[in-house]
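The next block is start-v8.cif, given as mmCIF, C-alpha atoms.
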```cif
data_protein
#
loop_
_atom_site.label_atom_id
_atom_site.label_comp_id
_atom_site.auth_asym_id
_atom_site.auth_seq_id
_atom_site.Cartn_x
_atom_site.Cartn_y
_atom_site.Cartn_z
CA MET A 22 86.79 113.62 103.13
CA ASP A 23 85.66 110.07 103.86
CA GLY A 24 88.28 107.47 104.67
CA VAL A 25 91.11 109.95 105.24
CA SER A 26 92.77 109.75 108.62
CA SER A 27 92.66 112.77 110.89
CA ASN A 28 95.72 114.99 111.19
CA ASP A 29 94.94 115.95 114.77
CA ASP A 30 97.71 116.16 117.39
CA ALA A 31 99.48 112.81 117.68
CA PRO A 32 102.15 111.74 120.15
CA VAL A 33 105.67 111.15 118.89
CA PRO A 34 106.45 107.43 119.17
CA SER A 35 109.13 106.46 121.65
CA PRO A 36 112.20 104.57 120.38
CA ASN A 37 110.64 101.40 121.80
CA ASP A 38 107.33 101.70 119.95
CA PRO A 39 107.08 99.07 117.19
CA PHE A 40 107.27 100.50 113.68
CA PHE A 41 108.08 97.23 111.94
CA THR A 42 107.12 93.71 112.95
CA VAL A 43 109.12 90.85 111.44
CA GLY A 44 107.13 87.85 110.23
CA THR A 45 108.23 84.66 108.45
CA GLY A 46 111.75 84.25 107.07
CA ILE A 47 112.96 82.45 103.94
CA PRO A 48 115.09 79.54 105.23
CA GLY A 49 118.79 80.21 104.67
CA GLN A 50 118.16 83.67 103.18
CA LEU A 51 117.66 87.23 104.42
CA GLY A 52 114.16 87.59 102.96
CA ARG A 53 111.15 87.78 105.24
CA THR A 54 107.58 88.93 105.59
CA GLY A 55 106.62 91.68 107.99
CA THR A 56 104.34 94.59 108.76
CA ILE A 57 105.13 98.31 108.71
CA HIS A 58 102.85 100.25 111.06
CA THR A 59 102.02 103.82 109.97
CA PRO A 60 99.48 106.44 111.13
CA HIS A 61 97.43 105.73 108.00
CA GLY A 62 97.44 101.95 108.17
CA ASP A 63 99.67 98.90 108.04
CA ILE A 64 101.76 97.74 105.07
CA ALA A 65 102.19 93.98 104.74
CA THR A 66 105.66 93.29 103.39
CA PRO A 67 107.18 92.51 100.98
CA ALA A 68 105.20 95.22 99.21
CA PHE A 69 105.38 97.08 95.93
CA ILE A 70 104.82 100.80 96.47
CA ALA A 71 103.09 102.43 93.49
CA VAL A 72 104.80 105.59 92.27
CA GLY A 73 102.65 108.71 92.09
CA THR A 74 105.32 111.25 91.18
CA ASN A 75 103.12 114.34 91.13
CA ALA A 76 100.69 113.08 93.79
CA THR A 77 99.07 110.83 91.19
CA VAL A 78 99.87 107.56 89.50
CA LYS A 79 99.78 108.81 85.94
CA ALA A 80 96.52 108.23 84.05
CA VAL A 81 94.59 106.57 86.89
CA LEU A 82 92.51 107.61 89.90
CA PRO A 83 93.79 107.00 93.44
CA GLU A 84 90.66 104.92 94.01
CA THR A 85 91.62 102.76 91.04
CA ILE A 86 95.13 102.18 92.40
CA ARG A 87 93.57 101.14 95.70
CA GLU A 88 91.31 98.70 93.82
CA ALA A 89 94.43 97.33 92.09
CA GLY A 90 95.69 96.34 95.53
CA ALA A 91 98.26 99.04 96.26
CA GLN A 92 98.90 99.40 99.98
CA ALA A 93 100.83 102.68 99.70
CA VAL A 94 101.93 105.26 97.17
CA LEU A 95 105.18 107.21 96.81
CA ALA A 96 105.29 110.82 95.62
CA ASN A 97 108.31 112.87 94.63
CA ALA A 98 109.56 115.71 96.81
CA TYR A 99 111.44 117.42 93.97
CA HIS A 100 108.43 117.56 91.66
CA LEU A 101 105.97 118.62 94.36
CA TYR A 102 108.41 121.27 95.57
CA LEU A 103 108.38 122.82 92.09
CA GLN A 104 104.62 122.35 91.55
CA PRO A 105 102.34 123.08 93.39
CA GLY A 106 104.74 123.80 96.29
CA PRO A 107 104.93 121.97 99.63
CA ASP A 108 103.11 124.80 101.39
CA VAL A 109 100.03 124.11 99.27
CA VAL A 110 100.11 120.40 100.14
CA ASP A 111 100.61 121.25 103.81
CA GLU A 112 97.65 123.62 103.78
CA ALA A 113 95.54 120.87 102.22
CA GLY A 114 96.30 118.64 105.22
CA GLY A 115 99.19 116.65 103.80
CA LEU A 116 99.80 114.44 100.79
CA GLY A 117 97.07 111.89 101.55
CA ARG A 118 94.32 114.48 101.88
CA PHE A 119 95.61 116.48 98.94
CA MET A 120 95.37 113.50 96.56
CA ASN A 121 92.41 111.76 98.26
CA TRP A 122 94.49 108.72 99.25
CA SER A 123 93.55 107.26 102.62
CA GLY A 124 96.42 104.79 102.96
CA PRO A 125 100.12 105.11 103.84
CA THR A 126 102.31 107.45 101.80
CA PHE A 127 106.03 107.79 101.05
CA THR A 128 108.04 110.70 99.67
CA ASP A 129 111.62 110.45 98.45
CA SER A 130 114.10 113.15 99.38
CA GLY A 131 114.39 114.76 95.95
CA GLY A 132 118.08 113.90 95.78
CA PHE A 133 117.74 111.59 92.79
CA GLN A 134 115.78 114.09 90.72
CA VAL A 135 117.92 117.06 91.74
CA MET A 136 120.91 115.28 90.24
CA SER A 137 119.38 113.30 87.38
CA LEU A 138 117.01 115.98 86.09
CA GLY A 139 119.38 118.70 87.20
CA VAL A 140 121.93 117.58 84.65
CA GLY A 141 119.28 117.37 81.98
CA PHE A 142 119.93 113.79 80.87
CA LYS A 143 117.65 111.38 82.71
CA LYS A 144 119.72 109.06 84.91
CA VAL A 145 123.07 109.30 83.13
CA LEU A 146 125.52 111.52 84.94
CA ALA A 147 128.92 111.29 86.57
CA MET A 148 130.84 113.33 89.07
CA GLU A 149 134.23 112.16 87.89
CA ALA A 150 135.50 110.25 84.89
CA VAL A 151 138.54 110.02 82.66
CA GLY A 152 139.40 113.47 81.37
CA VAL A 153 136.83 115.18 83.58
CA GLN A 154 137.56 117.22 86.70
CA SER A 155 136.18 115.88 89.98
CA ASP A 156 133.65 118.66 90.32
CA ASP A 157 132.32 118.29 86.78
CA VAL A 158 129.12 116.56 85.75
CA ILE A 159 128.88 114.62 82.52
CA ALA A 160 125.56 115.30 80.86
CA GLN A 161 126.10 114.03 77.34
CA GLY A 162 127.08 117.47 76.07
CA LYS A 163 124.28 119.28 77.86
CA GLU A 164 124.67 122.20 80.23
CA ARG A 165 125.62 121.26 83.76
CA LEU A 166 122.60 122.20 85.87
CA ALA A 167 123.45 120.60 89.24
CA HIS A 168 126.44 121.48 91.44
CA VAL A 169 127.27 119.52 94.60
CA ASP A 170 129.20 120.82 97.58
CA ASP A 171 129.48 119.63 101.17
CA ASP A 172 126.52 121.75 102.25
CA GLY A 173 124.03 120.70 99.54
CA VAL A 174 123.15 120.87 95.85
CA THR A 175 122.42 123.91 93.70
CA PHE A 176 120.39 123.08 90.61
CA LYS A 177 118.19 124.46 87.88
CA SER A 178 114.57 123.43 87.53
CA HIS A 179 113.88 121.12 84.60
CA ARG A 180 110.63 123.05 84.21
CA ASP A 181 111.78 126.61 83.64
CA GLY A 182 115.50 126.79 84.37
CA SER A 183 115.00 128.69 87.64
CA ARG A 184 117.75 128.27 90.21
CA HIS A 185 117.18 126.37 93.48
CA ARG A 186 119.16 124.85 96.32
CA PHE A 187 118.52 121.69 98.34
CA THR A 188 120.29 120.95 101.59
CA PRO A 189 119.46 118.23 104.11
CA GLU A 190 117.49 120.81 106.09
CA VAL A 191 115.59 122.01 103.02
CA SER A 192 114.68 118.44 102.01
CA MET A 193 113.45 117.68 105.53
CA GLY A 194 111.37 120.87 105.54
CA ILE A 195 109.78 120.02 102.21
CA GLN A 196 108.97 116.46 103.22
CA HIS A 197 107.51 117.51 106.55
CA GLN A 198 105.20 119.89 104.73
CA LEU A 199 104.24 117.15 102.27
CA GLY A 200 103.35 115.03 105.29
CA ALA A 201 104.05 111.50 104.06
CA ASP A 202 104.15 108.68 106.58
CA ILE A 203 107.62 107.60 105.44
CA ILE A 204 110.27 110.05 104.23
CA PHE A 205 113.90 109.71 103.19
CA ALA A 206 117.12 111.43 104.22
CA PHE A 207 118.76 113.65 101.62
CA ASP A 208 121.61 111.79 99.90
CA GLU A 209 123.95 112.31 96.98
CA LEU A 210 123.18 110.30 93.87
CA THR A 211 126.21 108.59 92.36
CA THR A 212 126.49 106.33 89.34
CA LEU A 213 128.86 103.73 87.93
CA PHE A 214 130.58 106.54 86.01
CA ASN A 215 132.01 107.80 89.28
CA THR A 216 135.53 106.86 90.30
CA ARG A 217 136.30 104.92 93.45
CA ALA A 218 137.76 108.07 95.00
CA TYR A 219 134.59 110.02 94.39
CA GLN A 220 132.42 107.21 95.74
CA GLU A 221 134.41 107.31 98.98
CA GLN A 222 133.93 111.06 99.22
CA SER A 223 130.23 110.74 98.44
CA VAL A 224 129.61 108.10 101.14
CA GLU A 225 131.20 110.43 103.69
CA ARG A 226 129.12 113.36 102.44
CA THR A 227 125.88 111.36 102.56
CA GLN A 228 126.75 110.27 106.10
CA ALA A 229 127.26 113.90 107.17
CA TRP A 230 123.98 114.87 105.50
CA ALA A 231 122.23 112.01 107.32
CA VAL A 232 123.33 113.43 110.68
CA ARG A 233 121.87 116.80 109.68
CA CYS A 234 118.65 115.15 108.46
CA ILE A 235 118.13 113.42 111.81
CA ALA A 236 118.64 116.68 113.69
CA GLU A 237 116.27 118.66 111.45
CA HIS A 238 113.71 115.85 111.45
CA GLU A 239 113.63 115.85 115.24
CA ARG A 240 113.31 119.64 115.36
CA LEU A 241 110.44 119.69 112.86
CA THR A 242 108.70 116.74 114.54
CA ALA A 243 108.64 118.62 117.83
CA GLU A 244 107.48 121.79 116.07
CA ARG A 245 104.73 120.12 114.03
CA ARG A 246 102.88 118.04 116.62
CA HIS A 247 99.62 118.84 114.85
CA ARG A 248 100.70 116.31 112.21
CA PRO A 249 101.19 112.55 112.68
CA TYR A 250 104.73 111.27 113.20
CA GLN A 251 106.71 110.69 109.99
CA ALA A 252 109.18 107.80 109.89
CA LEU A 253 112.60 108.75 108.51
CA PHE A 254 114.69 106.33 106.43
CA GLY A 255 118.44 106.73 105.89
CA VAL A 256 119.76 106.03 102.38
CA VAL A 257 122.67 103.65 101.71
CA GLN A 258 125.11 104.58 98.96
CA GLY A 259 128.44 103.05 97.92
CA ALA A 260 127.77 101.88 94.36
CA GLN A 261 129.34 98.50 93.49
CA TYR A 262 131.91 98.50 96.30
CA GLU A 263 131.29 96.04 99.13
CA ASP A 264 133.40 97.86 101.71
CA LEU A 265 131.70 101.19 100.96
CA ARG A 266 128.21 99.69 101.11
CA ARG A 267 128.93 98.05 104.45
CA GLN A 268 130.60 101.21 105.74
CA ALA A 269 127.57 103.26 104.70
CA CYS A 270 125.18 100.89 106.48
CA ARG A 271 127.18 100.88 109.70
CA GLY A 272 127.52 104.65 109.56
CA LEU A 273 123.78 105.22 109.18
CA GLU A 274 122.97 102.76 111.95
CA SER A 275 125.33 104.60 114.29
CA ILE A 276 123.46 107.90 114.02
CA VAL A 277 121.24 108.51 117.02
CA GLY A 278 119.62 111.88 117.52
CA GLU A 279 118.70 113.56 120.78
CA THR A 280 115.56 111.43 121.07
CA GLY A 281 117.57 108.23 120.84
CA ARG A 282 115.41 106.98 117.98
CA GLY A 283 117.79 107.11 115.00
CA PHE A 284 116.52 106.10 111.59
CA ASP A 285 113.22 104.20 111.47
CA GLY A 286 114.27 102.26 108.36
CA TYR A 287 116.68 102.32 105.47
CA GLY A 288 116.62 102.86 101.71
CA ILE A 289 119.12 101.15 99.42
CA GLY A 290 119.92 103.43 96.50
CA GLY A 291 122.64 104.51 94.11
CA ALA A 292 124.26 102.57 91.31
CA LEU A 293 122.84 99.04 91.15
CA GLU A 294 123.77 96.96 88.11
CA LYS A 295 121.17 94.29 87.43
CA ALA A 296 123.77 91.51 87.49
CA ASN A 297 124.92 92.56 90.97
CA LEU A 298 121.54 93.50 92.42
CA GLY A 299 121.19 90.57 94.79
CA THR A 300 124.80 90.74 95.92
CA ILE A 301 124.65 94.44 96.80
CA VAL A 302 121.28 94.14 98.54
CA ARG A 303 122.64 91.22 100.57
CA TRP A 304 125.76 93.19 101.60
CA CYS A 305 123.55 95.95 102.92
CA ASN A 306 121.02 93.77 104.67
CA GLU A 307 123.72 91.72 106.39
CA GLU A 308 124.71 95.00 108.07
CA LEU A 309 121.37 96.74 108.62
CA PRO A 310 119.35 95.94 111.77
CA GLU A 311 116.86 93.12 111.31
CA HIS A 312 114.09 94.89 113.23
CA LYS A 313 113.89 97.84 110.80
CA PRO A 314 112.44 97.80 107.26
CA ARG A 315 114.58 98.15 104.11
CA HIS A 316 113.33 99.89 100.98
CA LEU A 317 114.96 99.30 97.59
CA LEU A 318 114.54 102.20 95.22
CA GLY A 319 113.59 101.61 91.59
CA ILE A 320 112.89 97.94 90.71
CA SER A 321 109.84 96.17 89.28
CA GLU A 322 110.93 93.42 86.82
CA PRO A 323 109.87 89.95 88.05
CA ASP A 324 113.38 88.51 88.33
CA ASP A 325 114.58 91.61 90.20
CA LEU A 326 111.67 91.37 92.63
CA PHE A 327 112.48 87.78 93.56
CA THR A 328 116.20 88.58 93.87
CA ALA A 329 115.61 91.65 96.02
CA ILE A 330 113.12 89.93 98.31
CA GLU A 331 115.32 86.86 98.77
CA ASN A 332 118.15 89.13 99.88
CA GLY A 333 116.09 91.06 102.41
CA ALA A 334 114.30 93.96 100.69
CA ASP A 335 110.93 94.66 102.30
CA THR A 336 109.48 97.37 100.05
CA PHE A 337 110.38 98.81 96.65
CA ASP A 338 109.04 101.34 94.18
CA CYS A 339 109.39 101.88 90.45
CA VAL A 340 107.77 104.03 87.76
CA ASN A 341 108.24 101.29 85.18
CA PRO A 342 104.82 99.58 85.30
CA SER A 343 103.04 102.85 84.49
CA ARG A 344 105.75 104.26 82.23
CA VAL A 345 105.90 101.30 79.87
CA ALA A 346 102.11 101.02 79.94
CA ARG A 347 101.85 104.48 78.38
CA ASN A 348 104.00 103.13 75.54
CA ALA A 349 101.73 100.11 75.00
CA ALA A 350 103.97 97.58 76.77
CA ILE A 351 101.94 95.04 78.72
CA TYR A 352 103.02 92.58 81.44
CA THR A 353 101.48 89.11 81.57
CA GLU A 354 102.34 85.82 83.22
CA ASN A 355 103.79 84.70 79.88
CA GLY A 356 105.99 87.74 79.38
CA ARG A 357 105.78 91.29 78.12
CA PHE A 358 104.40 92.35 74.73
CA ASN A 359 103.44 95.51 72.87
CA ILE A 360 99.69 95.64 72.40
CA ASN A 361 99.80 98.21 69.60
CA THR A 362 101.16 95.69 67.08
CA SER A 363 98.92 94.43 64.26
CA ARG A 364 98.41 90.92 65.63
CA PHE A 365 96.09 92.27 68.33
CA ARG A 366 93.76 94.16 65.97
CA ARG A 367 91.18 91.33 66.03
CA ASP A 368 92.12 89.70 69.33
CA PHE A 369 89.02 89.87 71.53
CA ASP A 370 90.49 88.06 74.52
CA PRO A 371 91.43 89.95 77.68
CA ILE A 372 95.06 91.03 78.09
CA ASP A 373 95.61 88.14 80.50
CA GLU A 374 92.85 85.62 81.16
CA ASN A 375 94.36 84.85 84.58
CA CYS A 376 94.40 88.50 85.70
CA ASP A 377 91.66 89.88 87.94
CA CYS A 378 92.27 93.59 87.24
CA TYR A 379 89.52 95.96 86.08
CA THR A 380 90.96 96.12 82.57
CA CYS A 381 91.10 92.35 82.08
CA ARG A 382 87.60 91.92 83.51
CA ASN A 383 86.05 94.41 81.10
CA TYR A 384 88.11 95.04 77.95
CA SER A 385 89.70 93.14 75.09
CA ARG A 386 93.13 93.31 73.55
CA ALA A 387 91.52 94.51 70.32
CA TYR A 388 89.87 97.46 72.07
CA ILE A 389 93.04 98.53 73.85
CA HIS A 390 94.96 98.12 70.57
CA HIS A 391 92.42 100.41 68.94
CA LEU A 392 92.79 103.01 71.72
CA PHE A 393 96.56 103.17 71.28
CA LYS A 394 96.25 103.45 67.50
CA ALA A 395 93.65 106.19 67.91
CA LYS A 396 95.88 107.93 70.47
CA GLU A 397 93.10 107.96 73.04
CA MET A 398 94.03 108.78 76.66
CA LEU A 399 92.01 105.80 77.86
CA ALA A 400 94.68 103.53 76.38
CA SER A 401 97.18 104.65 79.00
CA THR A 402 94.61 104.32 81.76
CA LEU A 403 93.62 100.74 80.96
CA ALA A 404 97.20 99.58 80.32
CA THR A 405 98.45 101.19 83.54
CA ILE A 406 95.73 99.59 85.64
CA HIS A 407 96.77 96.19 84.34
CA ASN A 408 100.54 96.66 84.76
CA GLU A 409 100.20 98.03 88.28
CA ARG A 410 97.90 95.18 89.27
CA PHE A 411 100.27 92.63 87.70
CA THR A 412 103.21 93.93 89.74
CA ILE A 413 101.28 94.34 93.00
CA ARG A 414 99.69 90.91 92.66
CA LEU A 415 103.05 89.26 91.94
CA VAL A 416 104.56 90.71 95.12
CA ASP A 417 101.46 89.68 97.08
CA ARG A 418 101.93 86.12 95.80
CA ILE A 419 105.61 86.21 96.77
CA ARG A 420 104.62 87.32 100.28
CA ASP A 421 102.14 84.44 100.52
CA SER A 422 104.80 82.01 99.27
CA ILE A 423 107.19 83.03 102.06
CA ASP A 424 104.51 82.47 104.68
CA GLY A 425 103.55 79.21 102.98
CA GLY A 426 107.09 77.90 102.55
CA TYR A 427 107.08 77.64 98.74
CA PHE A 428 109.10 80.72 97.71
CA ASP A 429 111.59 78.76 95.57
CA ASP A 430 108.82 76.90 93.74
CA LEU A 431 106.95 80.12 92.97
CA ARG A 432 110.11 81.79 91.70
CA ALA A 433 110.95 78.90 89.39
CA GLN A 434 107.41 78.72 88.02
CA THR A 435 106.95 82.48 87.61
CA LEU A 436 110.27 83.22 85.95
CA SER A 437 110.05 80.18 83.69
CA SER A 438 106.69 81.42 82.34
CA PHE A 439 107.55 85.12 82.16
CA TYR A 440 110.89 84.72 80.38
CA ALA A 441 109.98 81.72 78.18
CA THR A 442 109.54 83.94 75.11
CA ALA A 443 112.91 85.59 75.62
CA ARG A 444 114.61 82.17 75.76
CA ALA A 445 112.78 80.81 72.73
#
```
For the structure just supplied, provide its representation as structure tokens.
Amino acid sequence: MDGVSSNDDAPVPSPNDPFFTVGTGIPGQLGRTGTIHTPHGDIATPAFIAVGTNATVKAVLPETIREAGAQAVLANAYHLYLQPGPDVVDEAGGLGRFMNWSGPTFTDSGGFQVMSLGVGFKKVLAMEAVGVQSDDVIAQGKERLAHVDDDGVTFKSHRDGSRHRFTPEVSMGIQHQLGADIIFAFDELTTLFNTRAYQEQSVERTQAWAVRCIAEHERLTAERRHRPYQALFGVVQGAQYEDLRRQACRGLESIVGETGRGFDGYGIGGALEKANLGTIVRWCNEELPEHKPRHLLGISEPDDLFTAIENGADTFDCVNPSRVARNAAIYTENGRFNINTSRFRRDFDPIDENCDCYTCRNYSRAYIHHLFKAKEMLASTLATIHNERFTIRLVDRIRDSIDGGYFDDLRAQTLSSFYATARA
């Protein structure tokens, strides 16, 4: 398979081998540029990581995502565990070979989906709330499908209701078989519905799971030397509480396995209200080591990107660009609009005349409008290409602005244009 890196025996990096190189900083802020070094290529940061949940960015070819400028893709351990199974991906030579993607890959731990899909109500769940016992899960009246204990999580598949169990060791085993360059420790998802007492308990549980993840990761790394080394990121929880976030960061940083390597980077997850996004990211990155990368899970709106980067996030992923595209929502420099409305029926201009994506170079708003009205699959493909390129290109421009010393000017100009309609 041309362009796909070999999975021949590779040495395990020593703790002193560079995984992340810090570049230019934003004066007076925590934001910076940098480079993550992986067996399948470098990632220039800040970087938006395209989400390919089932080993594909929905509706588009991997080659097309590469053309859109994506440096790496992230797949979901929970979904690939259920279908086709991590053993199948392992037999294929790992995630990159399986999906014909030659660049760096990420997989998340499956913890988010085990809890969110396990309760059957998207992202809305709580472990404790007024009138609810501490071991209950609120699922808007739906059957509780996920049960947490100190050893792991027992859950039912959202596909067929079959019963499964994830522990830190199981998650590590799945992700090693999937073979991504960057993987995440198994953590417990909490939300703003949780009480302070439960958040404290959850931070302690996630810390204990992180210790187990490091140990299992080291064991599997030694056992699977026929595969390239996989970098392991710890995940910071603590919701909206400053002391818990800082405690979680310090706790993760303190974990050092038998190899002395510890975590290669960190993910910032859990409950993040938009209004407090920058504050929480800053709390974490004031504690986390500067020489290791930080990944923020689940953002893609322009204002959130600038806020996260300013406060020290290096990479981030989100399904939103492709998800909203499938519902006819289009991002442009002048804001977001729905292309399936009647005003675009005879609009023969490109989606965005300043965009260099394949869709904007070749198709009109009227044609894409027609595809959505006709319920053609190509509508999702063309809209997704554009939205992914818009997001990737914006982050690329932010990276250039940090190196060039004009981050604040770019932020003011970009957000003024993008949110002008909302203010009008």
(request) Give me the result of the PyMOL selection byres ((chain A and resi 402) around 10) on this file, residue by residue, as a PyMOL selection string. (result) chain A and resi 78-82+85+343+346-347+380+389+397-401+403-407
(message) With distances taken over all atoms listed in the file, which residue among A:Gln198, A:Asn348, A:Thr336, A:Ser385 lies nearest Gln251 in chain A?
(response)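 For Gln251 in chain A, the nearest of the given residues is A:Gln198.
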(message) Please expand the PyMOL selection byres ((chain A and resi 438-441) around 12) into the concrete residues it hits in this file, giving the result as a list in words.
(response) Glu322, Pro323, Asp324, Ile351, Tyr352, Thr353, Glu354, Asn355, Gly356, Arg357, Phe358, Phe411, Leu415, Leu431, Arg432, Ala433, Gln434, Thr435, Leu436, Ser437, Thr442, Ala443, Arg444 and Ala445 of chain A
(request) For the structure provided, state which residues fall under the PyMOL selection byres ((chain A and resi 202-212) around 7), and present them as a PyMOL selection string. (result) chain A and resi 59-60+125-130+132-133+136+146-147+189+192+196+200-201+213-215+223+227+230-231+234+251-256+260+291-292
(request) Rank A:Ile57, A:Ala93, A:Ile301, A:Leu199 by their smallest atom-to-atom distance to Gly73 in chain A, using all atoms listed in the file, and report the top residue only. (result)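 Counting all atoms listed in the file, the residue closest to Gly73 in chain A is A:Ala93.
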(request) Find the residue from A:Glu274, A:Asp325, A:Glu307, A:Glu331 that sits nearest to Lys295 in chain A; use all atoms listed in the file when measuring. (result)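 Between A:Glu274, A:Asp325, A:Glu307, A:Glu331, the residue approaching Lys295 in chain A most closely is A:Asp325.
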(request) Could you check how far CA of Arg118 in chain A sits from CA of Pro314 in chain A, in Å to one decimal? (result)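 These atoms are spaced 25.2 Å apart.
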